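Have a look at the structure below, then the notes.
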Amino acid sequence: MNTAAKTKHISIEQAMEHFTDGMSLMIGGFGGVGAPPTLISALLDKGIKDIFLISNDTGFPWIGPGKLITEKRVKKLIASHIGSNPEAGKQMQSGELDVTFVPQGTLAEKIRAGGMGLGGILTDVGLGTVVEDNKEKTVINGLEYMIEPALTADVSIVYAQKADQYGNLVYDKTARNTNPLVAMAGKITIAEVEEIVPNGSLDPECIITPGVYVDYIVQSKGVDWKWVWELKQDTRSQGGQLKK
Amino acid sequence: MGLGIETRHQIARRAAKEITSGMIVNLGIGIPTLVADYIPENSGVMLHTENGILGMGGSPLAGEEDGNLSNAGGYPVTILPGASYFDSAQAFGIIRKGLLDVTILGALEVSGKGDIANWIVPGKRVPGMGGAIDLAQKAKKVIVLMNHCDKEGKPKIVDACSLPLTVKEGAHMIITERAVFEVIDRKLHLLEIMNPYSLDEVIAATGAHIVLPEKISVFY
């Protein structure tokens with residue numbers, strides 16, 4: 001038996017071979033936190049355009065998936081929120097960017113369903129609002145639900161704290177967010193990680209994403225979302241927090 | 001007109017009275033965030049965030065922020081003993097299953113029947129609903145904190161919302177700088193007047209029919 005199985009660790013340049021114009025792309029992260037910064041920068045550098053992006057939100061104009069919006073690389077978007085990225089709103093109003101909004105929990109579950117091999121989910125979140133427009137519905141045990149098809153993408157990119165050579169992933173605090181769901185839903189999944197460790201050095205009980213979902217891992221060149229809150233502290237009052 | 005910091009805190013202080021020991025609570029961005037300041041220490045209240053914390057604590061000291069630990073608005077936070085982290089599917093599973101006792105959020109318009117509109121002004125501001133629909137539809141108690149009137153002085157509490165809804169008949173309580181209302185059986189009941197406003201000033205600034213109490217109390 002060859003236990004020294006081959007590594008999934010590849011270079012950023014090798015990873016870029018999987019990205020093409022017009023592709024569907026899923027990006028993990030929440031408000032920029034946990035979105036893979038090195039892969040997003042490489043995508044920009046490679047000039048990839050006409051992307052169909054699926055993401056919880058559009059981050060900030062210069063953080064996370066927001067950069068792809070600012071540089072006008074995204075043609076179509078499925079997200080729950082674009083409020084922190086004025087550029088996304090501008091492009092939506094001008095018709096340059098086709099945006100479909102999905103309630104955040106429903107979006108997470110549609111992505112999860114895609115990764116779990118399901119056709120979709122049933123949910124009542126948004127009944128009585130515009131969310132139910134043009135949705136197929138069904139009744140289960142006397143309750144009405146919308147049928148929400150699962151989402152998958154040509155490529156999923158995620159950020160994790162650690163990966164072993166097999167691609168098992170461990171996340172860090174709230175940088176986990178949508179990443180474990182997005183990691184499952186790509187036809188190809190590439191994880192950008194802070195640290196790559198040998199197989200056997202991660203506690204199997206603590207692994208959040210089993211490596212079977214991960215095709216490639218790349219070494220992160222460092223994160224950029226610290227600026228999410230530093231930027232906001234400069235421009236707005238922080239508001240109160242729970243007393244110490 | 002924007003509300004002064006003292007008024008914002010008065011609203012937050014009133015909202016915190018609705019939170020009792022051991023509750024699971026989600027606080028939205030803006031005035032709702034301030035409510036955390038008035039939740040007593042060791043009350044066993046667990047704050048939930050959409051980005052994956054149950055048991056969020058206060059702000060870290062300057063220099064002790066962790067870039068991978070923030071609230072849903074992106075600000076650095078800490079956690080309390082007993083806290084847990086989870087992915088976004090779990091964060092919203094907790095909401096959908098009805099495990100939140102209270103959610104406190106802002107709004108653009110609320111109707112006297114409890115309809116809430118807070119995610120879109122068609123053609124003008126289109127931020128998206130984020131987690132607002134999940135929260136407003138599924139929390140056991142939905143409390144709206146907002147300015148009584150909009151920037152042009154028009155009532156934000158109306159007979160029927162003109163903006164697309166976040167939830168139909170979802171609000172249980174509305175707290176503004178002028179008054180505290182409860183929505184019971186699709187009717188708007190005045191609960192308290194906020195100091196220093198008068199009953200006439202509340203009625204004049206409200207665009208929906210108000211059911212008046214026998215005795216009016218004032219919240220300072």
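Here's how to read the names in the structure tokens: chain A, B, ... by the order shown, residue numbers from 1 in each chain, ligand numbers from 1 in the order shown.
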
How would you write, as a compact mmCIF listing (two decimals) with N, CA and C atoms, in the first residue's frame, the set of residues in region 123-242 of chain A that DSSP gives as strand (DSSP E)?
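Just written: part-v3.txt:
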```txt
# COMPACT_ATOMS: atom_id res chain seq x y z
N THR A 123 -38.80 25.00 1.03
CA THR A 123 -38.75 25.98 2.12
C THR A 123 -39.95 26.91 2.04
N LYS A 137 -44.44 25.37 -6.40
CA LYS A 137 -44.78 25.11 -5.01
C LYS A 137 -45.34 23.71 -4.82
N THR A 138 -45.28 23.26 -3.61
CA THR A 138 -45.85 21.95 -3.29
C THR A 138 -46.39 22.00 -1.86
N VAL A 139 -47.28 21.07 -1.55
CA VAL A 139 -47.88 21.02 -0.21
C VAL A 139 -47.48 19.71 0.45
N ILE A 140 -46.87 19.80 1.63
CA ILE A 140 -46.48 18.61 2.39
C ILE A 140 -47.14 18.70 3.76
N LEU A 143 -48.85 21.91 4.59
CA LEU A 143 -48.12 23.19 4.59
C LEU A 143 -47.53 23.46 3.21
N GLU A 144 -47.57 24.73 2.80
CA GLU A 144 -47.08 25.10 1.48
C GLU A 144 -45.57 25.41 1.52
N TYR A 145 -44.88 24.90 0.53
CA TYR A 145 -43.44 25.16 0.39
C TYR A 145 -43.10 25.55 -1.03
N MET A 146 -42.04 26.34 -1.19
CA MET A 146 -41.49 26.60 -2.51
C MET A 146 -40.43 25.54 -2.82
N ILE A 147 -40.35 25.16 -4.08
CA ILE A 147 -39.29 24.24 -4.51
C ILE A 147 -38.11 25.09 -4.95
N GLU A 148 -37.00 24.95 -4.28
CA GLU A 148 -35.80 25.72 -4.61
C GLU A 148 -34.74 24.76 -5.14
N PRO A 149 -34.45 24.83 -6.45
CA PRO A 149 -33.46 23.92 -7.03
C PRO A 149 -32.08 24.09 -6.40
N ALA A 153 -21.60 24.62 -9.32
CA ALA A 153 -20.83 25.53 -10.17
C ALA A 153 -19.69 24.78 -10.84
N ASP A 154 -19.20 25.35 -11.95
CA ASP A 154 -18.05 24.74 -12.64
C ASP A 154 -16.87 24.63 -11.68
N VAL A 155 -16.64 25.72 -10.94
CA VAL A 155 -15.53 25.73 -9.97
C VAL A 155 -16.00 26.40 -8.67
N SER A 156 -15.65 25.81 -7.55
CA SER A 156 -15.85 26.44 -6.24
C SER A 156 -14.50 26.81 -5.68
N ILE A 157 -14.40 28.01 -5.12
CA ILE A 157 -13.16 28.37 -4.42
C ILE A 157 -13.48 28.76 -2.97
N VAL A 158 -12.69 28.24 -2.06
CA VAL A 158 -12.94 28.45 -0.63
C VAL A 158 -11.64 28.81 0.08
N TYR A 159 -11.83 29.30 1.32
CA TYR A 159 -10.69 29.60 2.18
C TYR A 159 -10.79 28.75 3.44
N ALA A 160 -9.69 28.15 3.83
CA ALA A 160 -9.67 27.38 5.09
C ALA A 160 -8.38 27.70 5.85
N GLN A 161 -8.40 27.38 7.12
CA GLN A 161 -7.22 27.62 7.94
C GLN A 161 -6.11 26.61 7.63
N LYS A 162 -6.54 25.33 7.58
CA LYS A 162 -5.56 24.27 7.36
C LYS A 162 -6.09 23.22 6.40
N ALA A 163 -5.19 22.64 5.63
CA ALA A 163 -5.52 21.46 4.83
C ALA A 163 -4.39 20.47 5.00
N ASP A 164 -4.73 19.18 4.97
CA ASP A 164 -3.66 18.19 4.84
C ASP A 164 -3.50 17.89 3.35
N LEU A 169 -10.23 19.72 5.27
CA LEU A 169 -10.16 21.14 5.63
C LEU A 169 -10.64 21.41 7.05
N VAL A 170 -9.92 22.32 7.69
CA VAL A 170 -10.28 22.85 9.01
C VAL A 170 -10.40 24.37 8.85
N GLY A 186 -18.91 22.46 -5.89
CA GLY A 186 -18.20 22.72 -7.15
C GLY A 186 -17.95 21.43 -7.91
N LYS A 187 -18.03 21.50 -9.25
CA LYS A 187 -17.59 20.33 -10.04
C LYS A 187 -16.10 20.15 -9.81
N ILE A 188 -15.40 21.29 -9.69
CA ILE A 188 -14.01 21.29 -9.23
C ILE A 188 -13.94 22.23 -8.03
N THR A 189 -13.31 21.79 -6.95
CA THR A 189 -13.17 22.65 -5.77
C THR A 189 -11.70 22.91 -5.47
N ILE A 190 -11.37 24.19 -5.34
CA ILE A 190 -10.00 24.57 -5.01
C ILE A 190 -10.02 25.32 -3.68
N ALA A 191 -9.24 24.83 -2.73
CA ALA A 191 -9.20 25.46 -1.41
C ALA A 191 -7.89 26.23 -1.25
N GLU A 192 -8.03 27.51 -0.88
CA GLU A 192 -6.85 28.32 -0.52
C GLU A 192 -6.71 28.22 1.00
N VAL A 193 -5.52 27.85 1.46
CA VAL A 193 -5.37 27.61 2.90
C VAL A 193 -4.14 28.33 3.47
N GLU A 194 -4.24 28.62 4.75
CA GLU A 194 -3.14 29.28 5.45
C GLU A 194 -1.97 28.34 5.63
N GLU A 195 -2.31 27.07 5.93
CA GLU A 195 -1.25 26.12 6.30
C GLU A 195 -1.55 24.75 5.71
N ILE A 196 -0.53 24.16 5.07
CA ILE A 196 -0.69 22.81 4.53
C ILE A 196 0.14 21.87 5.38
N VAL A 197 -0.53 20.85 5.93
CA VAL A 197 0.13 19.95 6.88
C VAL A 197 0.12 18.52 6.33
N TYR A 216 -8.16 20.42 -5.30
CA TYR A 216 -6.82 21.03 -5.24
C TYR A 216 -6.71 21.94 -4.03
N ILE A 217 -5.50 22.07 -3.52
CA ILE A 217 -5.25 23.07 -2.48
C ILE A 217 -4.10 23.97 -2.93
N VAL A 218 -4.25 25.26 -2.60
CA VAL A 218 -3.18 26.22 -2.89
C VAL A 218 -2.81 26.96 -1.61
N GLN A 219 -1.57 27.38 -1.55
CA GLN A 219 -1.08 28.12 -0.38
C GLN A 219 -1.55 29.58 -0.47
```

>> Should the cut-off be 7 Å, what would the residue list for chain B against chain A look like, counting only C-alpha atoms, as a ChimeraX atom specification?
In response: /B:33-34,36-37,41,51-52,57-59,67-70,74-76,85-89,92,126-131,133-134,137,164-168

May I have the selected residues written with N, CA and C atoms, as a compact mmCIF listing (two decimals), in the first residue's frame?
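Output file result29.txt is given in full below:
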```txt
# COMPACT_ATOMS: atom_id res chain seq x y z
N THR B 33 -27.98 46.76 17.32
CA THR B 33 -26.67 46.38 17.85
C THR B 33 -26.47 46.94 19.26
N LEU B 34 -27.03 48.15 19.51
CA LEU B 34 -26.85 48.81 20.81
C LEU B 34 -27.56 48.07 21.94
N ALA B 36 -27.34 45.16 22.88
CA ALA B 36 -26.40 44.30 23.61
C ALA B 36 -25.84 44.99 24.85
N ASP B 37 -25.72 46.32 24.79
CA ASP B 37 -25.20 47.09 25.93
C ASP B 37 -26.08 46.96 27.16
N GLU B 41 -25.12 41.19 32.47
CA GLU B 41 -24.05 40.19 32.51
C GLU B 41 -24.59 38.93 33.21
N ASN B 51 -23.44 34.82 10.61
CA ASN B 51 -22.18 34.30 10.06
C ASN B 51 -21.59 33.19 10.93
N GLY B 52 -22.35 32.70 11.91
CA GLY B 52 -21.95 31.44 12.53
C GLY B 52 -21.45 31.45 13.95
N GLY B 57 -19.85 37.51 22.28
CA GLY B 57 -19.55 38.41 23.39
C GLY B 57 -19.33 39.83 22.90
N GLY B 58 -18.73 40.63 23.74
CA GLY B 58 -18.53 42.05 23.42
C GLY B 58 -17.36 42.30 22.50
N SER B 59 -17.08 43.58 22.27
CA SER B 59 -15.95 43.97 21.43
C SER B 59 -14.64 43.60 22.11
N GLY B 67 -8.96 38.69 13.17
CA GLY B 67 -9.50 38.88 11.82
C GLY B 67 -10.49 37.82 11.40
N ASN B 68 -10.45 36.65 12.05
CA ASN B 68 -11.36 35.56 11.71
C ASN B 68 -12.51 35.44 12.71
N LEU B 69 -12.77 36.51 13.47
CA LEU B 69 -13.87 36.45 14.44
C LEU B 69 -14.61 37.79 14.43
N SER B 70 -15.71 37.81 13.67
CA SER B 70 -16.47 39.06 13.56
C SER B 70 -17.96 38.76 13.66
N GLY B 74 -19.32 42.49 10.19
CA GLY B 74 -17.89 42.53 9.90
C GLY B 74 -17.04 43.12 11.02
N TYR B 75 -17.69 43.53 12.14
CA TYR B 75 -16.92 44.08 13.26
C TYR B 75 -16.33 42.98 14.13
N PRO B 76 -15.13 43.23 14.67
CA PRO B 76 -14.53 42.21 15.53
C PRO B 76 -15.34 42.03 16.82
N TYR B 85 -19.23 27.71 17.07
CA TYR B 85 -19.13 28.21 15.70
C TYR B 85 -19.77 27.18 14.78
N PHE B 86 -20.35 27.66 13.68
CA PHE B 86 -20.95 26.73 12.71
C PHE B 86 -21.03 27.41 11.36
N ASP B 87 -21.35 26.60 10.32
CA ASP B 87 -21.42 27.16 8.97
C ASP B 87 -22.77 27.85 8.75
N SER B 88 -22.92 28.46 7.57
CA SER B 88 -24.11 29.28 7.29
C SER B 88 -25.39 28.45 7.22
N ALA B 89 -25.29 27.19 6.79
CA ALA B 89 -26.49 26.35 6.73
C ALA B 89 -27.03 26.13 8.14
N PHE B 92 -28.64 29.25 9.75
CA PHE B 92 -30.02 29.50 9.32
C PHE B 92 -30.96 28.35 9.66
N VAL B 126 -31.11 48.95 -3.45
CA VAL B 126 -31.41 47.54 -3.62
C VAL B 126 -30.31 46.70 -2.97
N PRO B 127 -30.25 46.72 -1.63
CA PRO B 127 -29.17 45.98 -0.98
C PRO B 127 -29.36 44.46 -0.98
N GLY B 128 -30.60 44.00 -1.12
CA GLY B 128 -30.87 42.57 -0.98
C GLY B 128 -31.35 42.26 0.41
N MET B 129 -32.02 41.12 0.56
CA MET B 129 -32.66 40.82 1.84
C MET B 129 -31.70 40.21 2.86
N GLY B 130 -30.53 39.74 2.41
CA GLY B 130 -29.63 39.07 3.36
C GLY B 130 -30.41 38.02 4.13
N GLY B 131 -30.29 38.04 5.46
CA GLY B 131 -31.00 37.07 6.29
C GLY B 131 -32.29 37.61 6.88
N ILE B 133 -35.38 38.07 5.80
CA ILE B 133 -36.65 37.34 5.62
C ILE B 133 -36.67 36.11 6.52
N ASP B 134 -35.57 35.37 6.55
CA ASP B 134 -35.47 34.19 7.42
C ASP B 134 -35.76 34.59 8.87
N GLN B 137 -39.43 36.04 9.55
CA GLN B 137 -40.50 35.04 9.41
C GLN B 137 -40.44 33.96 10.49
N PRO B 164 -41.86 46.53 -1.20
CA PRO B 164 -41.95 45.06 -1.16
C PRO B 164 -41.69 44.55 0.26
N LEU B 165 -42.47 43.55 0.67
CA LEU B 165 -42.40 43.08 2.06
C LEU B 165 -41.20 42.19 2.34
N THR B 166 -40.77 42.24 3.58
CA THR B 166 -39.81 41.27 4.11
C THR B 166 -40.59 40.11 4.72
N VAL B 167 -41.67 40.46 5.39
CA VAL B 167 -42.54 39.44 5.98
C VAL B 167 -43.94 40.02 6.10
N LYS B 168 -44.92 39.14 5.92
CA LYS B 168 -46.31 39.53 6.08
C LYS B 168 -46.71 39.28 7.53
```

Can you tell me which residues surround Leu163 (chain B) at a distance of at most 10 Å, considering only C-alpha atoms, apart from same-chain residues fewer than 2 positions away, and format the answer as a PDB file with N, CA and C atoms, in the first residue's frame?
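Contents of around.pdb, freshly written:
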```
ATOM      1  N   LEU B 108     -37.811  49.918   7.034  1.00  0.00           N
ATOM      2  CA  LEU B 108     -38.119  51.115   6.246  1.00  0.00           C
ATOM      3  C   LEU B 108     -39.580  51.497   6.444  1.00  0.00           C
ATOM      4  N   GLU B 109     -40.434  50.473   6.559  1.00  0.00           N
ATOM      5  CA  GLU B 109     -41.875  50.659   6.766  1.00  0.00           C
ATOM      6  C   GLU B 109     -42.417  49.473   7.556  1.00  0.00           C
ATOM      7  N   VAL B 110     -43.396  49.751   8.402  1.00  0.00           N
ATOM      8  CA  VAL B 110     -44.120  48.668   9.080  1.00  0.00           C
ATOM      9  C   VAL B 110     -45.601  49.021   9.017  1.00  0.00           C
ATOM     10  N   ILE B 116     -43.668  43.950   7.521  1.00  0.00           N
ATOM     11  CA  ILE B 116     -42.388  44.670   7.594  1.00  0.00           C
ATOM     12  C   ILE B 116     -41.792  44.778   6.198  1.00  0.00           C
ATOM     13  N   ALA B 117     -41.286  45.980   5.859  1.00  0.00           N
ATOM     14  CA  ALA B 117     -40.530  46.158   4.614  1.00  0.00           C
ATOM     15  C   ALA B 117     -39.170  46.721   5.001  1.00  0.00           C
ATOM     16  N   ASN B 118     -38.099  45.995   4.683  1.00  0.00           N
ATOM     17  CA  ASN B 118     -36.785  46.512   5.091  1.00  0.00           C
ATOM     18  C   ASN B 118     -35.629  46.133   4.175  1.00  0.00           C
ATOM     19  N   TRP B 119     -35.923  45.664   2.940  1.00  0.00           N
ATOM     20  CA  TRP B 119     -34.768  45.215   2.158  1.00  0.00           C
ATOM     21  C   TRP B 119     -34.635  45.827   0.777  1.00  0.00           C
ATOM     22  N   ILE B 120     -35.630  46.582   0.342  1.00  0.00           N
ATOM     23  CA  ILE B 120     -35.508  47.099  -1.019  1.00  0.00           C
ATOM     24  C   ILE B 120     -36.363  48.359  -1.205  1.00  0.00           C
ATOM     25  N   VAL B 121     -35.771  49.351  -1.867  1.00  0.00           N
ATOM     26  CA  VAL B 121     -36.538  50.494  -2.361  1.00  0.00           C
ATOM     27  C   VAL B 121     -36.372  50.439  -3.870  1.00  0.00           C
ATOM     28  N   PRO B 122     -37.348  49.846  -4.574  1.00  0.00           N
ATOM     29  CA  PRO B 122     -37.157  49.576  -6.009  1.00  0.00           C
ATOM     30  C   PRO B 122     -36.690  50.820  -6.769  1.00  0.00           C
ATOM     31  N   ALA B 160     -50.779  50.303   5.052  1.00  0.00           N
ATOM     32  CA  ALA B 160     -50.286  49.228   4.193  1.00  0.00           C
ATOM     33  C   ALA B 160     -48.927  49.649   3.646  1.00  0.00           C
ATOM     34  N   CYS B 161     -47.968  48.735   3.660  1.00  0.00           N
ATOM     35  CA  CYS B 161     -46.628  49.060   3.173  1.00  0.00           C
ATOM     36  C   CYS B 161     -46.653  49.309   1.666  1.00  0.00           C
ATOM     37  N   LEU B 165     -42.465  43.551   0.667  1.00  0.00           N
ATOM     38  CA  LEU B 165     -42.400  43.084   2.059  1.00  0.00           C
ATOM     39  C   LEU B 165     -41.198  42.192   2.338  1.00  0.00           C
ATOM     40  N   THR B 166     -40.769  42.237   3.578  1.00  0.00           N
ATOM     41  CA  THR B 166     -39.815  41.273   4.112  1.00  0.00           C
ATOM     42  C   THR B 166     -40.587  40.113   4.719  1.00  0.00           C
TER      43      THR B 166
END
```

> Got a sec to tell me which of region 79-158 of chain A DSSP assigns to helix (DSSP H, G or I), as an NGL selection string?
Replying inline: :A and (86-94 or 104-115 or 130-132)

>> For region 22-24 of chain A, find every residue with an atom within 12 Å (counting only C-alpha atoms), except residues of its own chain fewer than 4 positions away, and show them as number ranges by chain.
In response: A: 18, 43, 47-55, 73-78, 151-157, 185-188

> What is the CA of Ala179 (chain B) to CA of Ala205 (chain B) distance in Å?
Replying inline: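 So the answer is 10.3 Å.
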
> A:Asp203, A:Gln91, A:Lys46, A:Lys8: which is nearest Gly167 (chain A), counting only C-alpha atoms?
Replying inline: A:Lys8

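Residues within 10 Å of region 147-152 of chain B, counting only C-alpha atoms and excluding same-chain residues fewer than 4 positions away, are Met1, Gly2, Leu3, Thr7, Arg8, Ile11, Ile31, Gly106, Ala107, Leu108, Glu109, Lys156, Ile157, Ile174, Ile175, Thr176, Glu177, Arg178, Ala179, Val202, Ala205, Thr206 and Gly207 of chain B.
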